[in-house]
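**Q** Sending over target_23.txt (compact mmCIF, C-alpha atoms).
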```
# COMPACT_ATOMS: atom_id res chain seq x y z
CA MET A 12 -1.44 11.47 12.96
CA SER A 13 -1.27 15.21 12.49
CA GLY A 14 -4.81 16.41 11.77
CA SER A 15 -3.99 17.16 8.11
CA PRO A 16 -6.38 16.01 5.34
CA GLU A 17 -3.87 13.32 4.41
CA ALA A 18 -3.67 12.06 8.00
CA ASP A 19 -7.47 12.13 8.31
CA ALA A 20 -7.79 10.03 5.14
CA ALA A 21 -5.30 7.50 6.52
CA LEU A 22 -7.10 7.37 9.87
CA ASP A 23 -10.50 6.88 8.24
CA TRP A 24 -9.12 4.06 6.10
CA ALA A 25 -7.39 2.46 9.09
CA LEU A 26 -10.64 2.49 11.09
CA ALA A 27 -12.48 0.66 8.32
CA GLU A 28 -9.63 -1.83 7.93
CA ALA A 29 -9.49 -2.51 11.67
CA ALA A 30 -13.24 -3.12 11.73
CA SER A 31 -12.91 -5.50 8.77
CA ARG A 32 -10.16 -7.41 10.56
CA ASN A 33 -11.99 -7.27 13.92
CA ALA A 34 -8.72 -5.92 15.30
CA PRO A 35 -7.81 -3.04 17.64
CA LEU A 36 -6.39 0.18 16.22
CA THR A 37 -3.54 2.23 17.63
CA ALA A 38 -3.24 5.79 16.36
CA VAL A 39 0.35 7.02 16.57
CA MET A 40 1.55 10.62 16.58
CA ALA A 41 5.28 11.16 16.09
CA TRP A 42 6.43 14.03 18.30
CA THR A 43 9.78 15.64 18.92
CA GLY A 44 9.40 17.42 22.25
CA PRO A 45 10.93 20.83 22.92
CA ARG A 46 14.31 21.14 24.54
CA GLY A 47 15.16 23.16 27.61
CA VAL A 48 11.87 22.74 29.47
CA GLN A 49 11.33 21.42 32.95
CA PRO A 50 10.29 17.76 33.31
CA HIS A 51 6.80 18.65 34.54
CA GLU A 52 6.34 21.06 31.62
CA TYR A 53 7.44 18.35 29.19
CA GLN A 54 4.93 15.91 30.66
CA ASP A 55 2.18 18.52 30.37
CA LEU A 56 3.00 19.01 26.68
CA LEU A 57 3.11 15.26 26.14
CA GLU A 58 -0.32 14.86 27.69
CA ARG A 59 -1.72 17.63 25.48
CA ARG A 60 -0.44 15.82 22.38
CA ARG A 61 -2.13 12.64 23.59
CA GLU A 62 -5.38 14.53 24.13
CA ASP A 63 -5.09 16.01 20.63
CA LEU A 64 -4.65 12.51 19.21
CA LEU A 65 -7.66 11.18 21.13
CA ALA A 66 -9.69 14.07 19.72
CA LEU A 67 -8.61 13.09 16.17
CA LEU A 68 -9.70 9.51 16.86
CA ASP A 69 -13.08 10.68 18.16
CA ALA A 70 -13.56 12.92 15.12
CA ALA A 71 -12.72 10.06 12.74
CA THR A 72 -15.15 7.75 14.52
CA ARG A 73 -17.94 10.31 14.14
CA ARG A 74 -16.97 11.05 10.54
CA THR A 75 -16.93 7.42 9.43
CA GLY A 76 -19.49 5.89 11.77
CA VAL A 77 -16.96 3.10 12.44
CA SER A 78 -16.11 2.24 16.03
CA VAL A 79 -13.36 -0.19 17.06
CA GLU A 80 -11.24 -0.74 20.13
CA SER A 81 -8.63 1.99 19.85
CA ALA A 82 -5.72 3.58 21.65
CA ALA A 83 -3.58 6.69 21.24
CA GLN A 84 0.21 6.54 21.37
CA ILE A 85 2.74 9.38 21.24
CA ALA A 86 5.96 8.21 19.61
CA GLU A 87 8.75 10.45 20.88
CA GLY A 88 11.97 11.21 19.04
CA ASP A 89 13.02 11.19 15.40
CA PRO A 90 9.77 10.69 13.45
CA SER A 91 11.00 7.83 11.25
CA GLU A 92 12.65 5.92 14.07
CA ALA A 93 9.75 6.56 16.44
CA LEU A 94 7.15 5.28 13.96
CA LEU A 95 9.22 2.21 13.11
CA ALA A 96 9.62 1.41 16.80
CA ALA A 97 5.88 1.82 17.36
CA ALA A 98 5.17 -0.50 14.41
CA GLN A 99 6.91 -3.52 15.89
CA ASP A 100 4.73 -6.64 15.97
CA VAL A 101 1.78 -5.08 14.14
CA ASP A 102 -0.31 -6.67 11.39
CA LEU A 103 -0.47 -3.54 9.23
CA LEU A 104 0.95 -0.03 9.29
CA VAL A 105 -1.08 2.75 7.64
CA LEU A 106 0.41 6.04 6.43
CA GLY A 107 -0.80 9.01 4.42
CA ARG A 108 0.73 10.62 1.34
CA ARG A 109 1.28 14.21 2.32
CA ARG A 110 3.75 16.11 0.14
CA LEU A 111 2.87 17.78 -3.14
CA GLY A 112 5.53 17.25 -5.77
CA ARG A 113 6.17 18.72 -9.17
CA PHE A 114 3.26 18.57 -11.61
CA GLY A 115 0.89 18.50 -8.62
CA ARG A 116 1.17 14.80 -7.88
CA LEU A 117 1.07 13.47 -4.33
CA VAL A 118 4.33 11.81 -3.37
CA LEU A 119 5.79 10.28 -0.25
CA GLY A 120 7.44 12.65 2.18
CA SER A 121 10.85 11.76 3.60
CA VAL A 122 9.44 10.25 6.79
CA SER A 123 6.84 8.13 5.01
CA SER A 124 9.41 6.99 2.46
CA GLU A 125 11.82 5.91 5.17
CA VAL A 126 9.12 4.05 7.07
CA VAL A 127 7.80 2.24 3.99
CA GLU A 128 11.30 1.13 3.03
CA ARG A 129 12.27 -0.13 6.46
CA ALA A 130 9.09 -1.45 8.08
CA GLU A 131 8.91 -5.21 8.43
CA ALA A 132 5.11 -5.34 8.49
CA PRO A 133 2.96 -4.65 5.43
CA VAL A 134 2.46 -0.91 4.94
CA THR A 135 -0.56 0.75 3.32
CA VAL A 136 -0.16 4.28 2.01
CA VAL A 137 -3.49 6.10 1.69
CA ARG A 138 -4.06 9.01 -0.65
CA PRO A 139 -6.62 11.68 0.27
CA ARG A 140 -9.78 11.70 -1.78
CA PRO A 141 -9.09 13.95 -4.80
CA VAL A 142 -11.51 16.58 -5.97
CA GLY A 143 -13.50 15.52 -9.05
CA ASP A 144 -13.22 11.79 -8.34
CA GLU A 145 -16.79 11.07 -9.47
CA GLU A 146 -15.72 8.98 -12.48
CA GLN A 147 -13.61 6.73 -10.30
CA ASP A 148 -16.48 6.46 -7.82
CA GLU A 149 -18.70 5.18 -10.64
CA GLU A 150 -16.15 2.52 -11.52
CA ARG A 151 -15.72 1.44 -7.90
CA ALA A 152 -19.49 1.35 -7.40
CA LYS A 153 -19.46 -1.81 -9.51
CA GLY A 154 -18.09 -3.59 -6.43
CA PRO A 155 -14.94 -3.70 -4.33
CA ARG A 156 -11.80 -4.78 -6.13
CA VAL A 157 -8.28 -5.59 -4.94
CA VAL A 158 -5.53 -5.43 -7.56
CA VAL A 159 -2.24 -7.25 -7.07
CA GLY A 160 0.84 -7.23 -9.23
CA VAL A 161 2.11 -10.73 -10.02
CA ASP A 162 5.41 -11.87 -11.47
CA THR A 163 7.64 -14.83 -10.65
CA SER A 164 9.39 -13.35 -7.59
CA GLY A 165 8.97 -14.45 -3.98
CA SER A 166 7.81 -11.01 -2.92
CA SER A 167 5.12 -11.15 -5.59
CA MET A 168 3.85 -14.44 -4.17
CA LEU A 169 3.56 -12.90 -0.70
CA ALA A 170 1.70 -9.93 -2.18
CA LEU A 171 -0.68 -12.31 -3.95
CA GLN A 172 -1.40 -14.20 -0.74
CA HIS A 173 -1.98 -10.93 1.14
CA ALA A 174 -4.35 -9.67 -1.54
CA ALA A 175 -6.25 -12.98 -1.54
CA GLU A 176 -6.73 -12.68 2.22
CA VAL A 177 -8.14 -9.17 1.77
CA ALA A 178 -10.51 -10.36 -0.96
CA THR A 179 -11.69 -13.29 1.17
CA ARG A 180 -12.26 -11.06 4.18
CA THR A 181 -14.00 -8.21 2.38
CA GLY A 182 -15.79 -10.04 -0.43
CA ALA A 183 -13.86 -8.02 -3.02
CA VAL A 184 -12.93 -9.29 -6.45
CA LEU A 185 -9.23 -10.13 -6.66
CA GLU A 186 -7.61 -8.97 -9.91
CA ALA A 187 -4.21 -10.58 -10.43
CA VAL A 188 -2.28 -8.50 -12.98
CA PHE A 189 0.65 -10.02 -14.88
CA ALA A 190 2.38 -7.37 -17.01
CA TRP A 191 4.88 -8.31 -19.65
CA GLN A 192 6.78 -6.61 -22.45
CA ILE A 193 8.34 -8.38 -25.40
CA THR A 194 11.27 -5.97 -25.31
CA THR A 195 12.19 -7.20 -21.84
CA LEU A 196 11.76 -10.94 -22.42
CA ALA A 197 14.50 -13.34 -23.42
CA PRO A 198 13.76 -15.97 -26.08
CA LEU A 199 11.54 -18.74 -24.81
CA PRO A 200 13.30 -21.90 -23.63
CA GLY A 201 14.08 -24.09 -26.63
CA SER A 202 13.42 -21.33 -29.18
CA TRP A 203 17.12 -21.06 -30.23
CA GLY A 204 17.01 -17.27 -30.33
CA TRP A 205 14.26 -16.72 -32.84
CA ALA A 206 11.29 -14.57 -31.81
CA PRO A 207 8.07 -16.62 -31.53
CA PRO A 208 4.71 -15.07 -32.42
CA LEU A 209 3.34 -12.60 -29.88
CA ASP A 210 0.55 -14.93 -28.81
CA GLU A 211 3.14 -17.50 -27.72
CA TYR A 212 4.67 -14.95 -25.35
CA GLU A 213 1.19 -14.16 -24.06
CA GLY A 214 0.53 -17.86 -23.55
CA PHE A 215 3.82 -18.18 -21.68
CA ALA A 216 2.85 -15.25 -19.42
CA SER A 217 -0.60 -16.76 -18.89
CA ASP A 218 0.97 -20.04 -17.76
CA ARG A 219 3.22 -18.20 -15.29
CA LEU A 220 0.20 -16.36 -13.84
CA ASP A 221 -1.67 -19.65 -13.45
CA ASP A 222 1.38 -21.18 -11.75
CA ALA A 223 1.59 -18.27 -9.30
CA ILE A 224 -2.10 -18.47 -8.41
CA GLU A 225 -1.88 -22.23 -7.88
CA ALA A 226 1.33 -21.99 -5.81
CA SER A 227 -0.25 -19.31 -3.61
CA GLY A 228 -3.03 -21.67 -2.58
CA ILE A 229 -5.81 -19.27 -3.56
CA THR A 230 -9.26 -20.85 -3.20
CA LEU A 231 -11.50 -17.97 -4.24
CA PRO A 232 -14.50 -18.90 -6.41
CA PRO A 233 -14.09 -18.17 -10.13
CA GLU A 234 -16.42 -15.16 -10.05
CA GLN A 235 -14.20 -13.54 -7.40
CA LEU A 236 -10.91 -13.99 -9.25
CA MET A 237 -9.83 -12.03 -12.33
CA ARG A 238 -6.73 -12.91 -14.35
CA THR A 239 -5.38 -9.93 -16.30
CA LEU A 240 -2.52 -10.11 -18.80
CA VAL A 241 -1.21 -6.73 -19.93
CA HIS A 242 1.38 -5.98 -22.59
CA LYS A 243 2.96 -2.94 -20.92
CA SER A 244 5.31 -2.08 -18.08
CA PRO A 245 4.30 -3.42 -14.65
CA ALA A 246 4.06 0.04 -13.07
CA SER A 247 1.85 1.41 -15.87
CA ALA A 248 -0.39 -1.65 -15.75
CA LEU A 249 -0.93 -1.37 -11.99
CA ILE A 250 -1.45 2.39 -12.07
CA ASP A 251 -4.08 1.97 -14.80
CA ALA A 252 -5.80 -0.80 -12.83
CA SER A 253 -5.78 1.33 -9.66
CA ARG A 254 -8.38 3.68 -11.16
CA GLU A 255 -11.05 1.01 -10.71
CA ALA A 256 -9.65 -0.54 -7.53
CA ASP A 257 -10.10 -0.05 -3.81
CA ARG A 258 -6.48 -0.97 -3.15
CA VAL A 259 -3.38 -2.18 -4.97
CA VAL A 260 -0.99 -4.69 -3.41
CA VAL A 261 2.66 -4.89 -4.49
CA GLY A 262 5.71 -6.71 -3.24
CA ALA A 263 8.89 -4.93 -2.13
CA ARG A 264 11.65 -6.58 -4.12
CA GLY A 265 14.42 -3.98 -4.43
CA LEU A 266 17.71 -4.66 -2.65
CA GLY A 267 19.71 -1.77 -1.25
CA GLY A 268 23.18 -1.38 0.25
CA PHE A 269 24.23 -3.82 2.99
CA ASP A 270 21.44 -6.13 1.79
CA ARG A 271 18.80 -3.75 3.17
CA LEU A 272 15.46 -4.27 1.44
CA LEU A 273 14.33 -1.13 -0.33
CA LEU A 274 11.43 -0.37 -2.60
CA GLY A 275 11.86 -1.48 -6.18
CA SER A 276 11.14 0.97 -8.99
CA VAL A 277 7.71 -0.54 -9.67
CA SER A 278 6.61 -0.23 -6.04
CA ARG A 279 7.87 3.34 -5.89
CA GLN A 280 6.03 4.39 -9.04
CA VAL A 281 2.80 2.73 -7.95
CA LEU A 282 2.99 4.41 -4.53
CA GLU A 283 3.41 7.84 -6.12
CA TYR A 284 0.88 7.59 -8.95
CA ALA A 285 -1.83 5.07 -7.97
CA ALA A 286 -5.38 6.36 -7.67
CA CYS A 287 -6.17 4.30 -4.56
CA PRO A 288 -4.44 3.07 -1.38
CA VAL A 289 -1.36 0.93 -1.99
CA THR A 290 -0.13 -1.86 0.28
CA VAL A 291 3.53 -2.86 0.15
CA VAL A 292 4.26 -6.38 1.37
CA ARG A 293 7.66 -7.67 2.44
```
Please re-express this file's structure in structure tokens.
**A**
Amino acid sequence: MSGSPEADAALDWALAEAASRNAPLTAVMAWTGPRGVQPHEYQDLLERRREDLLALLDAATRRTGVSVESAAQIAEGDPSEALLAAAQDVDLLVLGRRRLGRFGRLVLGSVSSEVVERAEAPVTVVRPRPVGDEEQDEERAKGPRVVVGVDTSGSSMLALQHAAEVATRTGAVLEAVFAWQITTLAPLPGSWGWAPPLDEYEGFASDRLDDAIEASGITLPPEQLMRTLVHKSPASALIDASREADRVVVGARGLGGFDRLLLGSVSRQVLEYAACPVTVVR
């Protein structure tokens, strides 16, 4: 927490999420203390940072009208390492998007990027409310919606289960999006290399989506579950769907050096361009 508009947006969202989960909230401020000061001076500065953080919590509670059991924690040291250490054994970590990139889009800063890539718990990245968002407000006024990207990977299944839990808890509609492109698909099994009609590919994708929903054990009523098949890239499909959603859930499926899990390209693009909060699930 830093008191910036991006941090305020993340704190407001986290308060509402904690209330929905009936769970306590810990607000964390990463702080690298000054060098060369006496121990008592350092402790005084540390206590001031804690008081600042408590003031941010109080302001968010008044701003949102949401009150939950909460605590303030100062994470000392390197910001990325301090936040990751503070996020051990948590149900959800919430961050804000805070750096303005080229073309004016909000992108992850270096600290947020490192935390999202390395955190073991699900991470939600919250964008601040943009100016002129009235059209999106009208779409979201139709009712809460959780969008989740589905493919055949294990990380996608975990994302689907996470999104279903959110929909069950909040009463939101769950929209499971399966994006496919004929240019990226191999011939169907048994097709001997010829290209079947487009509707056969769509039927194949539809079957895979049904399989994923069934394997995930989702028991939402039909009116609370949307199945969406999109003939476009996964990132584009999820970014488009985010304009009418309250959150998007994606799986982290990229694999980095030394077998360290990193964000895949789809997750990265959705985090940078989505019009709503994005949750990344390991």
**Q** Enter the distance from atom CA of Val291 of chain A to atom CA of Val261 of chain A, in Å, rounded to one decimal.
**A**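 Interatomic distance here is 5.1 Å.
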**Q** Which residues come within 8 Å of segment 91-108 of chain A, counting all atoms listed in the file, excluding same-chain residues fewer than 6 positions away, as a PDB file with C-alpha atoms, in the frame of the given file?
**A**
```
ATOM      1  CA  GLU A  17      -3.870  13.320   4.410  1.00  0.00           C
ATOM      2  CA  ALA A  18      -3.670  12.060   8.000  1.00  0.00           C
ATOM      3  CA  ALA A  20      -7.790  10.030   5.140  1.00  0.00           C
ATOM      4  CA  ALA A  21      -5.300   7.500   6.520  1.00  0.00           C
ATOM      5  CA  LEU A  22      -7.100   7.370   9.870  1.00  0.00           C
ATOM      6  CA  ALA A  25      -7.390   2.460   9.090  1.00  0.00           C
ATOM      7  CA  VAL A  39       0.350   7.020  16.570  1.00  0.00           C
ATOM      8  CA  ALA A  41       5.280  11.160  16.090  1.00  0.00           C
ATOM      9  CA  LEU A 117       1.070  13.470  -4.330  1.00  0.00           C
ATOM     10  CA  VAL A 118       4.330  11.810  -3.370  1.00  0.00           C
ATOM     11  CA  LEU A 119       5.790  10.280  -0.250  1.00  0.00           C
ATOM     12  CA  GLY A 120       7.440  12.650   2.180  1.00  0.00           C
ATOM     13  CA  VAL A 122       9.440  10.250   6.790  1.00  0.00           C
ATOM     14  CA  SER A 123       6.840   8.130   5.010  1.00  0.00           C
ATOM     15  CA  GLU A 125      11.820   5.910   5.170  1.00  0.00           C
ATOM     16  CA  VAL A 126       9.120   4.050   7.070  1.00  0.00           C
ATOM     17  CA  ARG A 129      12.270  -0.130   6.460  1.00  0.00           C
ATOM     18  CA  ALA A 130       9.090  -1.450   8.080  1.00  0.00           C
ATOM     19  CA  GLU A 131       8.910  -5.210   8.430  1.00  0.00           C
ATOM     20  CA  ALA A 132       5.110  -5.340   8.490  1.00  0.00           C
ATOM     21  CA  PRO A 133       2.960  -4.650   5.430  1.00  0.00           C
ATOM     22  CA  VAL A 134       2.460  -0.910   4.940  1.00  0.00           C
ATOM     23  CA  THR A 135      -0.560   0.750   3.320  1.00  0.00           C
ATOM     24  CA  VAL A 136      -0.160   4.280   2.010  1.00  0.00           C
ATOM     25  CA  VAL A 137      -3.490   6.100   1.690  1.00  0.00           C
ATOM     26  CA  ARG A 138      -4.060   9.010  -0.650  1.00  0.00           C
ATOM     27  CA  PRO A 139      -6.620  11.680   0.270  1.00  0.00           C
TER      28      PRO A 139
END
```
**Q** I need every residue sitting at most 12 Å from the point (-5.6, 1.8, 21.3) (coordinates as in the file, all atoms listed in the file considered), written as a list of chain:residue names.
**A**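 Using all atoms listed in the file, the matching residues come out as A:Leu26, A:Ala29, A:Ala34, A:Pro35, A:Leu36, A:Thr37, A:Ala38, A:Val39, A:Arg61, A:Leu64, A:Leu65, A:Leu68, A:Ser78, A:Val79, A:Glu80, A:Ser81, A:Ala82, A:Ala83, A:Gln84, A:Ile85.
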**Q** A:Arg32, A:Leu240, A:Asp69, A:Val289: which is nearest Arg258 of chain A, counting all atoms listed in the file?
**A**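 Going through A:Arg32, A:Leu240, A:Asp69, A:Val289 one by one, the smallest distance to Arg258 of chain A is for A:Val289.
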**Q** Identify which of the residues A:Arg73, A:Asp63, A:Leu57, A:Ala248 lies closest to Glu87 of chain A, counting all atoms listed in the file when measuring atom-to-atom distances.
**A** A:Leu57
**Q** Could you check which of A:Arg59, A:Arg293, A:Arg74, A:Arg180 is closest to Leu231 of chain A, using all atoms listed in the file?
**A**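 For Leu231 of chain A, the nearest of the given residues is A:Arg180.
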**Q** Between atom CA of Val159 of chain A and atom CA of Gly76 of chain A, what distance in Å does the model show, to one decimal?
**A**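 The value is 28.7 Å.
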**Q** How many Å lie between atom CA of Val184 of chain A and atom CA of Gln172 of chain A, rounded to one decimal?
**A**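 We find that atom CA of Val184 of chain A and atom CA of Gln172 of chain A lie 13.8 Å from each other.
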**Q** Hey, which of A:Pro200, A:Pro232, A:Phe215, A:Ala170 ends up closest to Ala263 of chain A? Count all atoms listed in the file.
**A**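 Going through A:Pro200, A:Pro232, A:Phe215, A:Ala170 one by one, the smallest distance to Ala263 of chain A is for A:Ala170.
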**Q** With distances taken over only C-alpha atoms, which of A:Thr75, A:Gln280, A:Asp218, A:Asp257 is nearest to Val177 of chain A?
**A**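 Looking only at the distances to Val177 of chain A, the closest residue turns out to be A:Asp257.
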